[in-house]
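Participant: Pasting in a structure now, in structure tokens, and then I'll have a few things to ask.
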Number of protein chains: 2
Amino acid sequence: MSESEQSFLNTYNAADYPIVLLSVDAVLLTYHEDRLKVLLVERASHPAIGCWALPGGFIDQRADNQLEDAAMRSLKNKTGVAPPYIEQLGAFGSADRDPRGWSTTVAYTALIPYAACAAHIDSVSDSQWFDVDRLKTLKLAFDHQRIIEAGIERFRQKALYSLVTARALAEPFTLYELRRVHELLIGKTIQRKSFLRRIESSGVLKETGETKVIDKGRPAMLYKTRPGIDDYRFVRNIDG
Amino acid sequence: MSESEQSFLNTYNAADYPIVLLSVDAVLLTYHEDRLKVLLVERASHPAIGCWALPGGFIDQRADNQLEDAAMRSLKNKTGVAPPYIEQLGAFGSADRDPRGWSTTVAYTALIPYAACAAHIDSVSDSQWFDVDRLKTLKLAFDHQRIIEAGIERFRQKALYSLVTARALAEPFTLYELRRVHELLIGKTIQRKSFLRRIESSGVLKETGETKVIDKGRPAMLYKTRPGIDDYRFVRNIDG
DNA sequence: ACTGATAAGTGTCAAAGAGACACTATTATT
DNA sequence: AATAATAGTGTCTCTTTGACACTTATCAGT
């Protein structure tokens with residue numbers, strides 16, 4: 001670093017410039033009882049106190065080295081969940097999304113098994129899974145409604161050409177369950193045969209050898225994910 | 001808004017909380033003389049003074065209503081370019097990307113015709129197109145190298161299933177030029193026949209009826225874009 | 001003009017993968 | 001044992017792509 005840059009930094013003070021707010025939020029989605037659900041927390045403080053909101057918070061400059069660290073940390077804090085992977089959804093910023101001032105949030109999103117945070121959720125009343133279809137009837141904080149829609153849209157696209165959707169299920173799972181996740185995201189039924197062909201050709205799932213009877217009928221094979229599942233992409237989309 | 005929220009806001013002062021830096025940057029890419037190029041500006045002030053950097057700047061709370069406004073405004077400021085569309089690439093934030101402190105930038109990206117800012121670039125020496133292959137040899141400010149790579153990767157993906165790449169060309173253009181943009185992004189040659197079939201089935205380009213001789217050989221048809229081009233997606237990727 | 005080189009545009013075949021749908025297999029229930 | 005229900009399979013057709021040879025239109029040099 002040059003001497004002049006060093007002297008510039010010595011006299012630089014961020015507080016001399018207009019201040020903007022920067023937060024992180026997480027859109028966690030799952031599949032349970034034939035529904036897509038999103039994880040929300042009830043706000044305990046102003047603004048929008050009492051409203052349901054995405055789990056999130058501000059950057060902690062000591063604890064967080066990157067944006068993603070902040071997302072993970074506040075998620076762990078508020079819901080007890082630590083998903084194995086999380087993906088950036090985008091930044092949402094405007095003058096009027098937060099009454100405190102010009103505000104931006106960087107949203108992250110992930111699919112996790114329903115049970116992954118059941119224990120924590122059972123013990124507290126301020127975090128809860130909600131059917132994504134029922135969000136309209138809920139008073140959500142800030143622009144979180146729109147951010148959730150962006151998260152769902154992200155995975156709707158991915159459902160067309162990938163199997164990351166398996167991350168919404170506890171292992172082992174049946175093809176029926178995985179297919180239902182896709183169908184709910186895409187909003188269309190999918191041919192069983194087509195779906196199985198894609199899974200076999202992808203190589204990112206493996207049969208456990210076990211079977212399981214869901215309710216009635218022939219028992220279904222059980223599957224687990226394999227390492228490449230997050231990155232695998234089909235060259236052709238399924239019936240979009 | 002409730003009375004208690006109002007009183008909370010009356011006493012709220014953003015300056016009481018730790019301050020983070022938030023900026024916007026733009027990765028503008030184009031095609032010229034059989035090369036992919038990225039638009040950079042030379043930094044006139046500390047930090048990283050004299051380094052080439054992405055055009056960008058801080059939020060202006062009065063002028064900017066949204067993040068995208070800030071990206072467009074600082075782009076217009078620094079390079080004289082006002083692309084018709086721009087797309088969010090992502091947020092890049094960490095403790096050490098900027099010596100001034102914990103900093104986040106929201107990067108936007110777009111493809112524009114080379115000529116779109118030729119006039120401005122000719123008149124000033126502080127903004128210039130660079131071959132993307134030659135960036136390694138350049139001292140780029142902050143983490144801009146990585147952000148540019150993310151931008152290229154974004155359009156590499158889009159080149160597999162869309163024709164937004166046409167936005168990198170001045171109209172009218174030949175299929176050869178459009179195909180070259182795809183080939184440079186993907187890093188593979190594409191069969192002329194396959195490429196033409198996709199264009200015809202998409203319906204997002206139209207022939208002008210004119211033809212043009214590039215150098216020698218049969219004259220090539222000239223094409224223009226049609227409205228749906230930004231959103232059109234093929235169901236199947238081209239040879240990735 | 002004629003001819004050859006060059007590049008744009010076209011015809012066509014085979015392979016891959018998806019949709020459709022009927023058929024078989026395996027379980028629970030009666 | 002018969003029936004219903006659901007998982008899994010066989011197979012046909014249709015669409016799209018890659019491959020590659022073939023035709024067409026221009027330029028440059030004779």
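If you're wondering about the labels, chains in the structure tokens are A, B, ... by order shown, residues count from 1 in each chain, ligands from 1 in order shown.
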Using only C-alpha atoms, what table do you get, as a tab-separated table, when you list each residue of chain A with an atom no more than 8 Å from chain B, its nearest pair of atoms, and their distance in Å rounded to one decimal, rows by chain then rising number?

Facilitator:
```
residue	atom	partner	partner_atom	distance
A:Glu5	CA	B:Pro47	CA	6.0
A:Phe8	CA	B:His46	CA	6.8
A:Leu9	CA	B:Arg100	CA	6.6
A:Tyr12	CA	B:Arg100	CA	7.3
A:Ala14	CA	B:Ile19	CA	7.0
A:Ala15	CA	B:Ile19	CA	7.0
A:Pro18	CA	B:Gln61	CA	7.8
A:Ile19	CA	B:Ala14	CA	6.9
A:Val20	CA	B:Leu22	CA	7.3
A:Leu21	CA	B:Ala14	CA	7.5
A:Leu22	CA	B:Val20	CA	7.3
A:His46	CA	B:Glu5	CA	6.0
A:Pro47	CA	B:Glu5	CA	6.0
A:Ala48	CA	B:Glu5	CA	7.6
A:Ile49	CA	B:Glu5	CA	7.9
A:Gln61	CA	B:Trp102	CA	6.7
A:Asp64	CA	B:Ala95	CA	7.6
A:Asn65	CA	B:Ala95	CA	5.3
A:Gln66	CA	B:Ser94	CA	4.1
A:Leu67	CA	B:Gly93	CA	5.3
A:Gln88	CA	B:Gly90	CA	7.4
A:Leu89	CA	B:Gly90	CA	7.8
A:Gly90	CA	B:Gly90	CA	5.5
A:Ala91	CA	B:Ala91	CA	6.3
A:Phe92	CA	B:Leu67	CA	7.4
A:Gly93	CA	B:Leu67	CA	5.4
A:Ser94	CA	B:Gln66	CA	4.1
A:Ala95	CA	B:Asn65	CA	5.3
A:Asp96	CA	B:Asn65	CA	7.9
A:Pro99	CA	B:Leu9	CA	7.6
A:Arg100	CA	B:Leu9	CA	6.6
A:Trp102	CA	B:Gln61	CA	6.7
A:Val106	CA	B:Ala91	CA	6.9
A:Val235	CA	B:Asn237	CA	5.1
A:Arg236	CA	B:Arg236	CA	4.1
A:Asn237	CA	B:Val235	CA	5.2
A:Ile238	CA	B:Val235	CA	7.9
A:Gly240	CA	B:Val235	CA	7.9
```

Participant: Counting only C-alpha atoms (C1' of nucleotides), what is within 10 Å of D:DT13, bar same-chain residues fewer than 2 positions away, as a ChimeraX atom specification?

Facilitator: /C:19-20 /D:11,15

Participant: Put those residues in a file: C-alpha atoms (C1' of nucleotides), as a PDB file, in the first residue's frame.

Facilitator:
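See selection19.pdb below for the written result:
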```pdb
ATOM      1  C1'  DG C  19     -44.256 -37.491 -22.975  1.00  0.00           C
ATOM      2  C1'  DA C  20     -47.781 -40.778 -23.028  1.00  0.00           C
TER       3       DA C  20
ATOM      4  C1'  DT D  11     -42.166 -49.306 -25.494  1.00  0.00           C
ATOM      5  C1'  DT D  15     -38.872 -33.259 -30.753  1.00  0.00           C
TER       6       DT D  15
END
```

Participant: As a count of residues only, which residues of stretch 23-235 of chain B does DSSP assign to alpha helix (DSSP H)?

Facilitator: 60

Participant: Within 7 Å of chain D, which residues of chain B are there when counting only C-alpha atoms (C1' of nucleotides)? Please give them as a PDB file with N, CA and C atoms, in the first residue's frame.

Facilitator:
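Final output, saved to out-v7.pdb:
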```pdb
ATOM      1  N   SER B 194     -27.334 -26.039 -36.114  1.00  0.00           N
ATOM      2  CA  SER B 194     -28.006 -26.115 -34.818  1.00  0.00           C
ATOM      3  C   SER B 194     -28.385 -24.722 -34.339  1.00  0.00           C
ATOM      4  N   LYS B 216     -15.225 -11.872 -47.558  1.00  0.00           N
ATOM      5  CA  LYS B 216     -15.396 -12.589 -48.819  1.00  0.00           C
ATOM      6  C   LYS B 216     -16.398 -13.718 -48.570  1.00  0.00           C
ATOM      7  N   GLY B 217     -16.863 -14.318 -49.638  1.00  0.00           N
ATOM      8  CA  GLY B 217     -17.850 -15.376 -49.495  1.00  0.00           C
ATOM      9  C   GLY B 217     -19.271 -14.850 -49.639  1.00  0.00           C
ATOM     10  N   ARG B 218     -20.218 -15.738 -49.556  1.00  0.00           N
ATOM     11  CA  ARG B 218     -21.631 -15.376 -49.714  1.00  0.00           C
ATOM     12  C   ARG B 218     -22.057 -14.355 -48.671  1.00  0.00           C
ATOM     13  N   PRO B 219     -22.877 -13.373 -49.059  1.00  0.00           N
ATOM     14  CA  PRO B 219     -23.319 -12.357 -48.084  1.00  0.00           C
ATOM     15  C   PRO B 219     -24.213 -12.973 -47.009  1.00  0.00           C
TER      16      PRO B 219
END
```

Participant: Could you please write out, as a VMD selection string, every residue of stretch 13-195 of chain A that DSSP assigns to strand (DSSP E or B)?

Facilitator: chain A and resid 21 to 32 35 to 42 52 to 53 56 to 58 66 87 to 94 103 to 111 127 to 131 140 173

Participant: For the residues in the current selection, export C-alpha atoms as an mmCIF file, in the first residue's frame.

Facilitator:
```cif
data_model
loop_
_atom_site.group_PDB
_atom_site.id
_atom_site.type_symbol
_atom_site.label_atom_id
_atom_site.label_comp_id
_atom_site.auth_asym_id
_atom_site.auth_seq_id
_atom_site.Cartn_x
_atom_site.Cartn_y
_atom_site.Cartn_z
ATOM 1 C CA LEU A 21 -28.690 0.095 6.539
ATOM 2 C CA LEU A 22 -27.501 -3.348 5.462
ATOM 3 C CA SER A 23 -29.001 -6.604 6.701
ATOM 4 C CA VAL A 24 -29.125 -10.250 5.693
ATOM 5 C CA ASP A 25 -32.173 -12.530 5.543
ATOM 6 C CA ALA A 26 -32.735 -16.189 4.807
ATOM 7 C CA VAL A 27 -35.565 -17.855 2.893
ATOM 8 C CA LEU A 28 -35.615 -21.445 4.138
ATOM 9 C CA LEU A 29 -38.034 -23.692 2.315
ATOM 10 C CA THR A 30 -39.083 -27.255 2.979
ATOM 11 C CA TYR A 31 -41.621 -29.930 2.072
ATOM 12 C CA HIS A 32 -43.947 -31.410 4.651
ATOM 13 C CA ARG A 35 -47.016 -28.714 1.114
ATOM 14 C CA LEU A 36 -44.183 -26.293 0.525
ATOM 15 C CA LYS A 37 -43.348 -24.333 3.657
ATOM 16 C CA VAL A 38 -41.237 -21.330 4.527
ATOM 17 C CA LEU A 39 -39.617 -20.655 7.899
ATOM 18 C CA LEU A 40 -40.616 -17.383 9.559
ATOM 19 C CA VAL A 41 -39.909 -15.735 12.898
ATOM 20 C CA GLU A 42 -42.058 -13.308 14.823
ATOM 21 C CA TRP A 52 -43.833 -12.528 10.879
ATOM 22 C CA ALA A 53 -40.564 -12.034 9.049
ATOM 23 C CA GLY A 56 -32.112 -12.348 9.553
ATOM 24 C CA GLY A 57 -30.219 -9.503 11.115
ATOM 25 C CA PHE A 58 -27.424 -7.025 10.751
ATOM 26 C CA GLN A 66 -18.388 -12.491 4.801
ATOM 27 C CA GLU A 87 -27.148 -19.780 -1.789
ATOM 28 C CA GLN A 88 -27.392 -16.079 -2.406
ATOM 29 C CA LEU A 89 -30.770 -15.001 -3.745
ATOM 30 C CA GLY A 90 -30.057 -11.339 -4.314
ATOM 31 C CA ALA A 91 -29.952 -7.888 -2.783
ATOM 32 C CA PHE A 92 -33.146 -5.965 -2.176
ATOM 33 C CA GLY A 93 -32.617 -2.305 -1.449
ATOM 34 C CA SER A 94 -34.679 0.867 -1.640
ATOM 35 C CA SER A 103 -32.120 0.003 3.557
ATOM 36 C CA THR A 104 -30.734 -3.013 1.755
ATOM 37 C CA THR A 105 -30.978 -6.671 2.621
ATOM 38 C CA VAL A 106 -28.973 -9.467 1.046
ATOM 39 C CA ALA A 107 -31.224 -12.508 0.922
ATOM 40 C CA TYR A 108 -29.978 -16.092 1.019
ATOM 41 C CA THR A 109 -32.035 -19.181 0.365
ATOM 42 C CA ALA A 110 -31.875 -22.919 0.916
ATOM 43 C CA LEU A 111 -33.970 -26.049 1.020
ATOM 44 C CA SER A 127 -40.400 -19.400 14.816
ATOM 45 C CA GLN A 128 -42.652 -21.507 12.663
ATOM 46 C CA TRP A 129 -43.123 -23.120 9.253
ATOM 47 C CA PHE A 130 -45.885 -21.595 7.117
ATOM 48 C CA ASP A 131 -47.516 -22.966 3.996
ATOM 49 C CA LEU A 140 -45.277 -9.981 6.671
ATOM 50 C CA PHE A 173 -36.750 -40.554 0.753
#
```
